[in-house]
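Visitor: start-v4.csv is reproduced in full below (CSV, C-alpha atoms and all ligand atoms).
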chain,number,residue,atom,x,y,z
A,16,MET,CA,-28.6,15.4,11.4
A,17,GLY,CA,-28.6,17.6,8.2
A,18,MET,CA,-25.4,18.4,6.4
A,19,ASP,CA,-25.7,22.0,7.6
A,20,LYS,CA,-25.4,20.9,11.2
A,21,ILE,CA,-22.0,19.2,10.5
A,22,LYS,CA,-19.1,21.3,11.9
A,23,LYS,CA,-17.4,23.2,9.1
A,24,ASP,CA,-13.9,22.8,10.3
A,25,ILE,CA,-13.0,19.2,11.0
A,26,LEU,CA,-9.4,18.5,11.9
A,27,ILE,CA,-8.3,14.9,12.0
A,28,LEU,CA,-5.0,13.6,13.2
A,29,GLY,CA,-4.1,10.3,11.5
A,30,ILE,CA,-1.5,7.9,12.8
A,31,GLU,CA,0.0,4.9,10.9
A,32,SER,CA,2.4,2.3,12.4
A,33,SER,CA,1.3,-1.0,10.9
A,34,CYS,CA,4.7,-2.0,9.4
A,35,ASP,CA,8.0,-0.1,9.3
A,36,GLU,CA,6.9,3.5,8.7
A,37,THR,CA,5.9,5.7,11.5
A,38,SER,CA,3.6,8.4,10.1
A,39,ALA,CA,1.3,11.2,11.3
A,40,ALA,CA,-0.8,13.5,9.3
A,41,VAL,CA,-3.3,16.3,9.8
A,42,LEU,CA,-6.2,16.8,7.5
A,43,HIS,CA,-8.5,19.8,7.4
A,44,ASN,CA,-11.7,18.4,6.0
A,45,GLY,CA,-10.4,16.6,2.9
A,46,ARG,CA,-7.3,18.7,2.6
A,47,MET,CA,-3.9,17.6,3.7
A,48,LEU,CA,-2.0,20.0,6.0
A,49,SER,CA,0.9,17.7,6.9
A,50,ASN,CA,2.0,14.1,6.3
A,51,ILE,CA,5.2,13.2,8.1
A,52,ILE,CA,6.7,9.8,7.4
A,53,ALA,CA,9.7,8.4,9.2
A,54,GLY,CA,11.2,5.2,7.7
A,55,GLN,CA,13.3,2.7,9.7
A,56,GLU,CA,16.8,2.0,8.6
A,57,VAL,CA,17.4,-0.7,11.2
A,58,HIS,CA,15.9,-3.4,9.0
A,59,ARG,CA,18.2,-3.0,6.0
A,60,GLN,CA,21.0,-5.2,7.3
A,61,TYR,CA,18.5,-8.1,7.9
A,62,GLY,CA,17.0,-8.0,4.4
A,63,GLY,CA,13.5,-7.6,5.7
A,64,VAL,CA,11.4,-6.1,8.5
A,65,VAL,CA,12.2,-7.4,11.9
A,66,PRO,CA,9.0,-7.0,14.0
A,67,GLU,CA,10.6,-6.5,17.4
A,68,LEU,CA,12.9,-3.8,16.0
A,69,ALA,CA,10.0,-2.2,14.2
A,70,SER,CA,8.0,-1.8,17.5
A,71,ARG,CA,11.0,-0.2,19.2
A,72,ALA,CA,11.6,2.2,16.4
A,73,HIS,CA,7.9,3.2,16.4
A,74,GLN,CA,8.3,4.0,20.1
A,75,GLN,CA,11.2,6.2,19.4
A,76,HIS,CA,9.5,8.0,16.4
A,77,ILE,CA,5.9,8.4,17.5
A,78,VAL,CA,6.2,11.5,19.7
A,79,PRO,CA,8.5,13.5,17.4
A,80,VAL,CA,6.5,12.5,14.3
A,81,VAL,CA,3.1,13.5,15.7
A,82,ASP,CA,4.7,16.7,17.1
A,83,ALA,CA,6.1,17.5,13.6
A,84,ALA,CA,2.8,16.8,11.9
A,85,LEU,CA,0.9,19.2,14.3
A,86,LYS,CA,3.6,21.9,14.0
A,87,GLN,CA,3.7,21.7,10.2
A,88,ALA,CA,-0.1,21.9,10.1
A,89,GLY,CA,0.1,24.9,12.4
A,90,ILE,CA,-2.5,23.6,14.8
A,91,GLN,CA,-2.7,23.0,18.6
A,92,PRO,CA,-3.7,19.5,19.8
A,93,ARG,CA,-6.9,21.0,21.4
A,94,GLN,CA,-8.1,22.0,18.0
A,95,LEU,CA,-8.4,18.4,16.8
A,96,SER,CA,-11.8,16.9,16.1
A,97,ALA,CA,-10.7,13.3,16.3
A,98,VAL,CA,-7.7,10.9,16.3
A,99,ALA,CA,-7.7,8.2,13.6
A,100,VAL,CA,-5.3,5.3,13.8
A,101,THR,CA,-4.5,2.1,11.9
A,102,ALA,CA,-6.0,-0.8,13.9
A,103,GLY,CA,-4.9,-3.5,11.5
A,104,PRO,CA,-3.9,-5.5,9.5
A,105,GLY,CA,-0.2,-5.3,10.2
A,106,LEU,CA,2.4,-6.3,12.8
A,107,GLN,CA,0.8,-6.7,16.2
A,108,GLY,CA,3.6,-4.9,18.2
A,109,SER,CA,3.9,-2.1,15.7
A,110,LEU,CA,0.1,-1.5,15.6
A,111,LEU,CA,0.1,-1.5,19.4
A,112,VAL,CA,2.4,1.5,19.6
A,113,GLY,CA,0.3,3.7,17.3
A,114,LEU,CA,-2.9,2.5,18.8
A,115,SER,CA,-1.9,3.1,22.5
A,116,PHE,CA,-0.6,6.5,21.6
A,117,ALA,CA,-3.8,7.4,19.7
A,118,LYS,CA,-6.0,6.2,22.6
A,119,SER,CA,-4.1,8.3,25.1
A,120,MET,CA,-4.4,11.3,22.9
A,121,ALA,CA,-8.1,10.9,22.2
A,122,LEU,CA,-8.7,10.4,26.0
A,123,ALA,CA,-6.6,13.4,27.0
A,124,LEU,CA,-8.3,15.7,24.4
A,125,ASP,CA,-11.7,14.2,24.9
A,126,VAL,CA,-12.3,13.6,21.2
A,127,PRO,CA,-13.4,10.5,19.3
A,128,LEU,CA,-11.0,7.7,18.5
A,129,ILE,CA,-11.4,6.2,15.0
A,130,GLY,CA,-9.9,2.8,14.2
A,131,VAL,CA,-9.0,2.4,10.5
A,132,HIS,CA,-8.5,-0.6,8.3
A,133,HIS,CA,-5.2,-0.2,6.6
A,134,MET,CA,-6.3,-1.6,3.2
A,135,GLN,CA,-9.4,0.5,3.1
A,136,ALA,CA,-7.2,3.5,3.7
A,137,HIS,CA,-4.9,2.6,0.8
A,138,ILE,CA,-7.9,2.9,-1.5
A,139,LEU,CA,-9.6,5.9,0.2
A,140,ALA,CA,-6.3,7.8,-0.2
A,141,ASN,CA,-7.7,8.7,-3.6
A,142,PHE,CA,-10.2,11.0,-1.9
A,143,ILE,CA,-7.6,13.3,-0.4
A,144,GLU,CA,-8.2,16.7,-2.1
A,145,ASP,CA,-4.8,16.9,-3.8
A,146,ALA,CA,-4.5,13.1,-4.4
A,147,GLY,CA,-3.8,13.7,-8.1
A,148,GLY,CA,-6.9,15.1,-9.8
A,149,GLN,CA,-10.5,14.2,-9.6
A,150,ALA,CA,-11.6,11.4,-7.2
A,151,PRO,CA,-12.8,8.3,-8.9
A,152,PRO,CA,-16.6,7.9,-9.1
A,153,PHE,CA,-18.1,4.7,-7.7
A,154,PRO,CA,-18.0,1.9,-8.6
A,155,PHE,CA,-14.4,1.2,-9.3
A,156,LEU,CA,-11.8,-1.5,-8.9
A,157,ALA,CA,-8.5,-1.2,-7.1
A,158,LEU,CA,-5.2,-3.0,-7.4
A,159,THR,CA,-3.2,-2.6,-4.1
A,160,VAL,CA,0.3,-3.9,-4.2
A,161,SER,CA,2.9,-3.5,-1.5
A,162,GLY,CA,5.5,-5.4,0.6
A,163,GLY,CA,2.7,-6.7,2.8
A,164,HIS,CA,-0.4,-7.1,0.6
A,165,THR,CA,-1.6,-7.8,-2.9
A,166,GLN,CA,-5.3,-7.4,-3.6
A,167,ILE,CA,-8.0,-6.7,-6.2
A,168,VAL,CA,-10.9,-4.9,-4.6
A,169,LEU,CA,-14.3,-3.9,-5.8
A,170,ILE,CA,-15.4,-0.6,-4.3
A,171,ARG,CA,-19.1,0.2,-4.5
A,172,ASP,CA,-19.0,3.0,-2.0
A,173,TYR,CA,-16.6,4.5,0.6
A,174,PHE,CA,-17.2,1.7,3.1
A,175,ASP,CA,-18.6,-0.9,0.8
A,176,MET,CA,-15.6,-2.8,-0.4
A,177,GLN,CA,-15.2,-6.4,-1.5
A,178,VAL,CA,-12.0,-8.3,-2.0
A,179,LEU,CA,-12.2,-10.1,-5.3
A,180,GLY,CA,-8.7,-11.7,-5.2
A,181,GLN,CA,-5.6,-11.6,-3.2
A,182,THR,CA,-2.2,-13.3,-2.8
A,183,LEU,CA,-2.2,-16.9,-1.4
A,184,ASP,CA,1.4,-16.5,-0.2
A,185,ASP,CA,3.9,-13.7,-0.9
A,186,ALA,CA,3.0,-10.1,-1.7
A,187,VAL,CA,4.2,-8.6,-4.9
A,188,GLY,CA,6.7,-6.4,-3.0
A,189,GLU,CA,8.1,-9.5,-1.4
A,190,ALA,CA,8.5,-11.1,-4.8
A,191,PHE,CA,10.6,-8.1,-5.9
A,192,ASP,CA,12.5,-7.9,-2.6
A,193,LYS,CA,13.3,-11.6,-2.5
A,194,THR,CA,14.4,-11.8,-6.1
A,195,ALA,CA,16.6,-8.7,-5.5
A,196,GLN,CA,18.2,-10.5,-2.6
A,197,LEU,CA,18.9,-13.6,-4.8
A,198,ILE,CA,20.9,-11.4,-7.2
A,199,GLY,CA,22.8,-9.6,-4.4
A,200,LEU,CA,20.9,-6.3,-4.3
A,201,PRO,CA,20.3,-4.5,-1.0
A,202,TYR,CA,16.9,-4.3,0.8
A,203,PRO,CA,14.4,-3.1,-0.2
A,204,GLY,CA,15.1,-4.5,-3.6
A,205,GLY,CA,12.0,-3.4,-5.5
A,206,PRO,CA,13.4,0.0,-6.4
A,207,GLN,CA,16.7,-1.5,-7.4
A,208,ILE,CA,15.1,-4.0,-9.8
A,209,ASP,CA,13.1,-1.2,-11.3
A,210,ARG,CA,16.2,0.9,-11.9
A,211,LEU,CA,18.2,-2.0,-13.4
A,212,ALA,CA,15.2,-3.2,-15.5
A,213,LYS,CA,15.4,0.0,-17.5
A,214,GLN,CA,18.7,-1.1,-19.0
A,215,GLY,CA,17.7,-4.7,-19.6
A,216,ASN,CA,15.8,-6.9,-22.0
A,217,PRO,CA,12.5,-8.0,-20.5
A,218,ARG,CA,12.3,-11.0,-22.9
A,219,ALA,CA,15.9,-12.2,-22.2
A,220,PHE,CA,14.8,-15.0,-19.8
A,221,ARG,CA,11.4,-16.7,-19.2
A,222,PHE,CA,10.1,-17.8,-15.9
A,223,ALA,CA,7.1,-20.0,-15.3
A,224,LYS,CA,4.0,-18.1,-14.4
A,225,PRO,CA,1.8,-19.6,-11.6
A,226,LYS,CA,-1.5,-21.1,-12.4
A,227,VAL,CA,-4.0,-19.8,-9.9
A,228,ASP,CA,-7.8,-19.9,-10.2
A,229,GLY,CA,-10.0,-16.8,-10.2
A,230,LEU,CA,-8.5,-13.5,-9.2
A,231,ASP,CA,-6.1,-14.8,-6.6
A,232,PHE,CA,-2.3,-14.5,-6.9
A,233,SER,CA,0.7,-16.6,-5.9
A,234,PHE,CA,4.3,-15.4,-6.0
A,235,SER,CA,6.2,-18.0,-4.0
A,236,GLY,CA,6.5,-20.4,-6.9
A,237,LEU,CA,8.0,-17.6,-9.1
A,238,LYS,CA,10.6,-16.9,-6.5
A,239,THR,CA,11.5,-20.7,-6.4
A,240,SER,CA,11.7,-20.9,-10.2
A,241,ILE,CA,14.0,-17.9,-10.3
A,242,LEU,CA,16.2,-19.4,-7.6
A,243,TYR,CA,16.6,-22.7,-9.5
A,244,PHE,CA,17.2,-20.9,-12.7
A,245,LEU,CA,20.0,-18.8,-11.2
A,246,GLN,CA,21.6,-21.8,-9.4
A,247,LYS,CA,21.7,-23.7,-12.7
A,248,LYS,CA,23.2,-20.8,-14.6
A,249,GLN,CA,25.7,-19.9,-11.9
A,250,LYS,CA,26.9,-23.5,-11.9
A,251,GLU,CA,27.6,-23.4,-15.6
A,252,ASP,CA,29.1,-19.9,-15.4
A,253,PRO,CA,29.9,-18.3,-12.0
A,254,GLY,CA,29.8,-14.8,-13.6
A,255,PHE,CA,26.3,-15.3,-14.9
A,256,ILE,CA,24.4,-13.1,-12.5
A,257,LYS,CA,26.9,-10.3,-12.5
A,258,ARG,CA,27.0,-10.1,-16.3
A,259,ASN,CA,23.3,-10.4,-16.8
A,260,LEU,CA,22.0,-8.3,-13.9
A,261,ALA,CA,20.0,-5.9,-16.0
A,262,ASP,CA,18.4,-8.6,-18.2
A,263,ILE,CA,17.5,-10.7,-15.1
A,264,ALA,CA,15.9,-7.7,-13.4
A,265,ALA,CA,14.0,-6.7,-16.6
A,266,SER,CA,12.8,-10.3,-17.1
A,267,VAL,CA,11.7,-10.7,-13.5
A,268,GLN,CA,9.8,-7.4,-13.5
A,269,ALA,CA,8.1,-8.2,-16.8
A,270,THR,CA,7.0,-11.6,-15.5
A,271,ILE,CA,5.5,-10.0,-12.3
A,272,VAL,CA,3.8,-7.3,-14.3
A,273,ASP,CA,2.4,-9.8,-16.7
A,274,ILE,CA,0.9,-11.8,-13.9
A,275,LEU,CA,-0.8,-8.6,-12.5
A,276,MET,CA,-2.1,-7.5,-15.9
A,277,GLU,CA,-3.7,-10.8,-16.6
A,278,LYS,CA,-5.6,-10.7,-13.4
A,279,ILE,CA,-6.8,-7.2,-13.7
A,280,LYS,CA,-8.0,-7.8,-17.2
A,281,GLU,CA,-10.0,-10.8,-15.8
A,282,ALA,CA,-11.4,-8.6,-13.0
A,283,SER,CA,-12.7,-6.0,-15.4
A,284,ARG,CA,-14.2,-8.7,-17.6
A,285,LEU,CA,-15.9,-10.4,-14.7
A,286,THR,CA,-17.3,-7.2,-13.1
A,287,GLY,CA,-17.9,-5.1,-16.2
A,288,ILE,CA,-16.2,-2.2,-14.3
A,289,ARG,CA,-13.8,-0.1,-16.4
A,290,ARG,CA,-12.4,2.2,-13.8
A,291,TRP,CA,-9.3,1.4,-11.8
A,292,VAL,CA,-7.1,2.8,-9.0
A,293,LEU,CA,-3.6,1.7,-8.3
A,294,GLY,CA,-2.1,1.8,-4.8
A,295,GLY,CA,0.6,0.5,-2.5
A,296,GLY,CA,4.4,0.9,-2.6
A,297,VAL,CA,4.9,-1.2,-5.6
A,298,SER,CA,2.8,1.2,-7.7
A,299,ALA,CA,6.0,3.2,-7.9
A,300,ASN,CA,7.3,0.5,-10.3
A,301,SER,CA,7.8,2.1,-13.7
A,302,GLY,CA,7.2,-1.1,-15.6
A,303,LEU,CA,3.9,-1.6,-13.8
A,304,ARG,CA,2.7,2.0,-14.3
A,305,GLU,CA,3.6,1.8,-18.0
A,306,ALA,CA,1.9,-1.5,-18.5
A,307,PHE,CA,-1.2,-0.5,-16.6
A,308,ARG,CA,-1.5,2.8,-18.5
A,309,GLN,CA,-1.1,1.1,-21.8
A,310,LEU,CA,-3.7,-1.6,-20.9
A,311,ALA,CA,-6.1,1.2,-19.8
A,312,ARG,CA,-5.6,3.0,-23.1
A,313,GLU,CA,-6.2,-0.2,-25.1
A,314,GLU,CA,-9.3,-1.2,-23.1
A,315,GLY,CA,-10.7,2.4,-22.7
A,316,TRP,CA,-10.5,2.3,-18.9
A,317,GLU,CA,-10.0,5.2,-16.6
A,318,LEU,CA,-7.0,4.8,-14.4
A,319,TYR,CA,-6.3,6.8,-11.2
A,320,ILE,CA,-2.9,6.7,-9.5
A,321,PRO,CA,-2.6,8.9,-6.5
A,322,ARG,CA,0.5,11.0,-5.8
A,323,PHE,CA,3.4,8.8,-4.6
A,324,GLU,CA,3.4,10.0,-1.0
A,325,TYR,CA,-0.2,8.8,-0.7
A,326,THR,CA,0.5,5.3,-2.1
A,327,THR,CA,3.3,4.1,0.2
A,328,ASP,CA,2.3,3.6,3.8
A,329,ASN,CA,1.4,7.1,5.1
A,330,ALA,CA,-0.9,8.7,7.7
A,331,ALA,CA,-2.7,11.0,5.3
A,332,MET,CA,-4.6,8.0,4.0
A,333,ILE,CA,-5.5,7.1,7.6
A,334,ALA,CA,-6.7,10.6,8.3
A,335,ILE,CA,-8.9,10.8,5.2
A,336,THR,CA,-10.5,7.5,6.2
A,337,GLY,CA,-10.9,8.9,9.7
A,338,TYR,CA,-12.6,12.0,8.2
A,339,LEU,CA,-15.0,9.9,6.1
A,340,LYS,CA,-15.9,7.9,9.2
A,341,TYR,CA,-16.2,11.0,11.3
A,342,LEU,CA,-18.8,12.3,8.9
A,343,ARG,CA,-20.8,9.1,9.5
A,344,GLY,CA,-20.3,9.2,13.3
A,345,ASP,CA,-18.5,5.9,13.0
A,346,PHE,CA,-16.3,6.0,16.1
A,347,SER,CA,-14.3,3.3,18.1
A,348,GLY,CA,-14.3,2.7,21.8
A,349,LEU,CA,-11.2,2.9,23.9
A,350,ASP,CA,-11.3,-0.9,24.1
A,351,LEU,CA,-10.2,-1.1,20.5
A,352,VAL,CA,-7.4,-3.7,20.1
A,353,PRO,CA,-4.9,-4.1,17.3
A,354,LYS,CA,-5.9,-6.8,14.7
A,355,ALA,CA,-2.8,-8.2,13.0
A,356,ARG,CA,-5.1,-10.2,10.7
A,357,TRP,CA,-8.3,-8.4,9.8
A,358,ASP,CA,-10.4,-9.1,6.7
A,359,MET,CA,-11.9,-6.2,4.8
A,360,PRO,CA,-14.8,-4.9,6.9
A,361,ALA,CA,-18.3,-5.7,5.5
A,362,LYS,CA,-20.5,-2.9,4.1
A,363,LYS,CA,-21.2,0.0,6.4
B,401,LIG,O1,3.4,0.2,0.6
B,401,LIG,P1,4.9,0.1,1.0
B,401,LIG,O2,5.7,1.3,1.2
B,401,LIG,O3,4.9,-0.7,2.4
B,401,LIG,C1,4.2,-1.9,2.7
B,401,LIG,O4,4.8,-2.9,2.4
B,401,LIG,O5,3.1,-1.8,3.2
B,401,LIG,O6,5.6,-0.9,0.0
B,401,LIG,C2,6.9,-1.3,0.1
B,401,LIG,C3,7.2,-2.3,-1.0
B,401,LIG,C4,8.6,-3.0,-0.9
B,401,LIG,O7,8.5,-4.3,-1.1
B,401,LIG,C5,9.4,-2.3,-2.0
B,401,LIG,O8,10.4,-3.1,-2.5
B,401,LIG,C6,8.3,-2.1,-3.0
B,401,LIG,O9,7.2,-1.7,-2.3
B,401,LIG,N1,8.7,-1.1,-4.0
B,401,LIG,C7,8.9,-1.3,-5.3
B,401,LIG,C8,9.3,-0.1,-5.9
B,401,LIG,N2,9.3,0.9,-4.9
B,401,LIG,C9,8.9,0.3,-3.8
B,401,LIG,N3,8.8,-2.4,-6.0
B,401,LIG,C10,9.1,-2.4,-7.3
B,401,LIG,N4,9.5,-1.3,-7.9
B,401,LIG,C11,9.6,-0.1,-7.3
B,401,LIG,N5,9.9,1.0,-7.9
B,402,ZN,ZN,0.3,-0.7,3.2
Represent the structure contained in this file as structure tokens.
Guide:
Amino acid sequence: MGMDKIKKDILILGIESSCDETSAAVLHNGRMLSNIIAGQEVHRQYGGVVPELASRAHQQHIVPVVDAALKQAGIQPRQLSAVAVTAGPGLQGSLLVGLSFAKSMALALDVPLIGVHHMQAHILANFIEDAGGQAPPFPFLALTVSGGHTQIVLIRDYFDMQVLGQTLDDAVGEAFDKTAQLIGLPYPGGPQIDRLAKQGNPRAFRFAKPKVDGLDFSFSGLKTSILYFLQKKQKEDPGFIKRNLADIAASVQATIVDILMEKIKEASRLTGIRRWVLGGGVSANSGLREAFRQLAREEGWELYIPRFEYTTDNAAMIAITGYLKYLRGDFSGLDLVPKARWDMPAKK
């Protein structure tokens, strides 16, 4: 089929429900018409996402969120070309809500269903038209950092991605959130650490950095070393944490950022690729952005950071991935099942 035969107006509904954000978006070709994101407050009091509560909240949100996305886009369901949905990785029960809904909709409208890999979508978010400038040319490297994942990925083409390194235990976002909890900050702690770090001295305290081979990461040891450090200091002086909050936050953040920067330098050295994209919720961190930008300047790399609404979990990134798959005729059957664990798909 020649390019001229492809329908000019492709409208994709994207649905994301892999963790604790229910999101729906409509894309007209590569352009975003709507991107509705509903967060879940229920997890705050537990200091982390509770899977069962997440599924229930998705069930409450999914209909109004999809409805709002269609309304804001100004389109009728029957105008849709396809329904794209996150099939994994993520929380099984949460994925199931989005997937069941997407299947029913695709069946009712008689349009293709397109299952999307969440981590591919985080990277392909850079190809949404207003993602933040020009799309990155291939090949490039990506650092994706969030509450659920931490990866360095080599991208040769849209659907030719190879994970070069990833966390062996906690994700970067978890490292931020768990440290924040240790010093008494509310969940999610990442943004709080970021805020406090601005007033603190990043060299006030030193924490041991993990020794991990290759491009993989580990953050659970860091959390333990911070815990022991704080316990020792509190024993000597019960007011220690309170009085040193900003310095602790700044030092923790600097340590985490250092760990990330070392690995990305190594990834560029090993691959010879000097073009990077940054994605995932932790890409909001001002220390990380500053360090990455500075490193890129020093090394002469190109750095792409999409608009913030496309870096946290959102359905626009699912819709753009769905669109790119639609152009390739890469559809899913109605027997598609959620995959809580799902490696990056091989080259397509
Ligand atoms: O991508 P995301 O919205 O959801 C997933 O986990 O997939 O990422 C959420 C994570 C949380 O761990 C949150 O604490 C962290 O991103 N985060 C930050 C900042 N903003 C969000 N961590 C550090 N600094 C921030 N400014
Ligand atoms: Zn994510």
Visitor: Extract, using only C-alpha atoms, all DNA, RNA and protein residues at most 6 Å from segment 286-303 of chain A, discarding same-chain residues fewer than 3 positions from it, and format them as a list in words.
Guide: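 The residues satisfying every condition are Phe155, Leu156, Ala157, Leu158, Thr159, Val160, Ser161, Val272, Ser283, Ala306, Phe307, Trp316, Glu317, Leu318, Tyr319, Ile320, Thr326 and Thr327 of chain A.
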Visitor: Can you tell me, as a VMD selection string, what residues are no more than 12 Å from segment 191-195 of chain A when counting all atoms listed in the file, ignoring any on the same chain fewer than 5 positions away?
Guide: chain A and resid 59 62 to 64 160 to 163 185 to 186 200 to 212 234 to 245 256 260 to 261 263 to 272 296 to 297 300
Visitor: For the atom pair atom CA of Phe220 of chain A and atom CA of Lys248 of chain A, what is the interatomic distance in Å to one decimal place?
Guide: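 These atoms are spaced 11.5 Å apart.
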Visitor: Please report as a tab-separated table every residue of segment 49-142 of chain A lying within 9 Å of segment 351-354 of chain A, along with the nearest atom pair and their distance in Å (one decimal), using all atoms listed in the file.
Guide:
residue	atom	partner	partner_atom	distance
A:Thr101	CA	A:Pro353	CA	8.2
A:Ala102	CA	A:Pro353	CA	4.9
A:Gly103	CA	A:Lys354	CA	4.7
A:Pro104	CA	A:Lys354	CA	5.7
A:Gly105	CA	A:Lys354	CA	7.4
A:Leu106	CA	A:Lys354	CA	8.5
A:Gln107	CA	A:Pro353	CA	6.4
A:Gly108	CA	A:Pro353	CA	8.6
A:Leu110	CA	A:Pro353	CA	5.9
A:Leu111	CA	A:Pro353	CA	6.0
A:Leu114	CA	A:Pro353	CA	7.1
A:Lys118	CA	A:Leu351	CA	8.7
A:Gly130	CA	A:Leu351	CA	7.4
Visitor: Which of these, A:Gly348, A:Pro321, A:His73, A:Ala84, has the shortest distance to Pro151 of chain A once you count all atoms listed in the file?
Guide: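 Among A:Gly348, A:Pro321, A:His73, A:Ala84, it is A:Pro321 that comes nearest to Pro151 of chain A.
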Visitor: In Å, how far is it from atom CA of Gln177 of chain A to atom C8 of ligand LIG 401 (chain B)?
Guide: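 It comes out at 25.7 Å.
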Visitor: Pick out the closest residue to ligand ZN 402 (chain B) from this set: A:His164, A:Arg71, A:Lys213, A:Arg284. Count only C-alpha atoms and all ligand atoms.
Guide: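 Checking each of A:His164, A:Arg71, A:Lys213, A:Arg284 against ligand ZN 402 (chain B), counting only C-alpha atoms and all ligand atoms, the winner is A:His164.
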Visitor: What is the distance, in Å and to one decimal place, between atom CA of Lys340 of chain A and atom CA of Phe174 of chain A?
Guide: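 These atoms are spaced 8.8 Å apart.
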Visitor: I'd like the neighbourhood of Ile333 of chain A as a PyMOL selection string, where a residue qualifies if any of its atoms comes within 9 Å (using all atoms listed in the file), though same-chain residues fewer than 6 positions away should be ignored.
Guide: chain A and resi 28-31+39-40+99-101+131-133+135-137+139-140
Visitor: Which is closest to ligand LIG 401 (chain B) among A:Thr336, A:Ser33, A:Ser70, A:Gln60, if we use all atoms listed in the file?
Guide: A:Ser33
Visitor: Would you mind telling me which residue in A:Ala282, A:Val81, A:Met332, A:Leu342 lies nearest to ligand ZN 402 (chain B) when using all atoms listed in the file?
Guide: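 Closest to ligand ZN 402 (chain B) of all the choices is A:Met332.
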Visitor: Taking (-12.5, 4.7, 16.2) as a centre in this file's frame and 6 Å as the limit, can you find every polymer residue with an atom that close, using all atoms listed in the file, and give them as a list in words?
Guide: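 Counting all atoms listed in the file, I find these residues within 6 Å of (-12.5, 4.7, 16.2): Leu128, Ile129, Gly130, Phe346 and Ser347 of chain A.
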Visitor: Point out the residue among A:Asp24, A:Glu56, A:Glu189, A:Glu324 with the least atom-to-atom distance to ligand LIG 401 (chain B), counting only C-alpha atoms and all ligand atoms.
Guide: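 Answer, going by the shortest atom-to-atom distance: A:Glu189.
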Visitor: In terms of the shortest atom-to-atom distance over only C-alpha atoms, which of A:Pro127, A:Pro66, A:Pro360, A:Pro92 is closest to Met176 of chain A?
Guide: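 Among A:Pro127, A:Pro66, A:Pro360, A:Pro92, it is A:Pro360 that comes nearest to Met176 of chain A.
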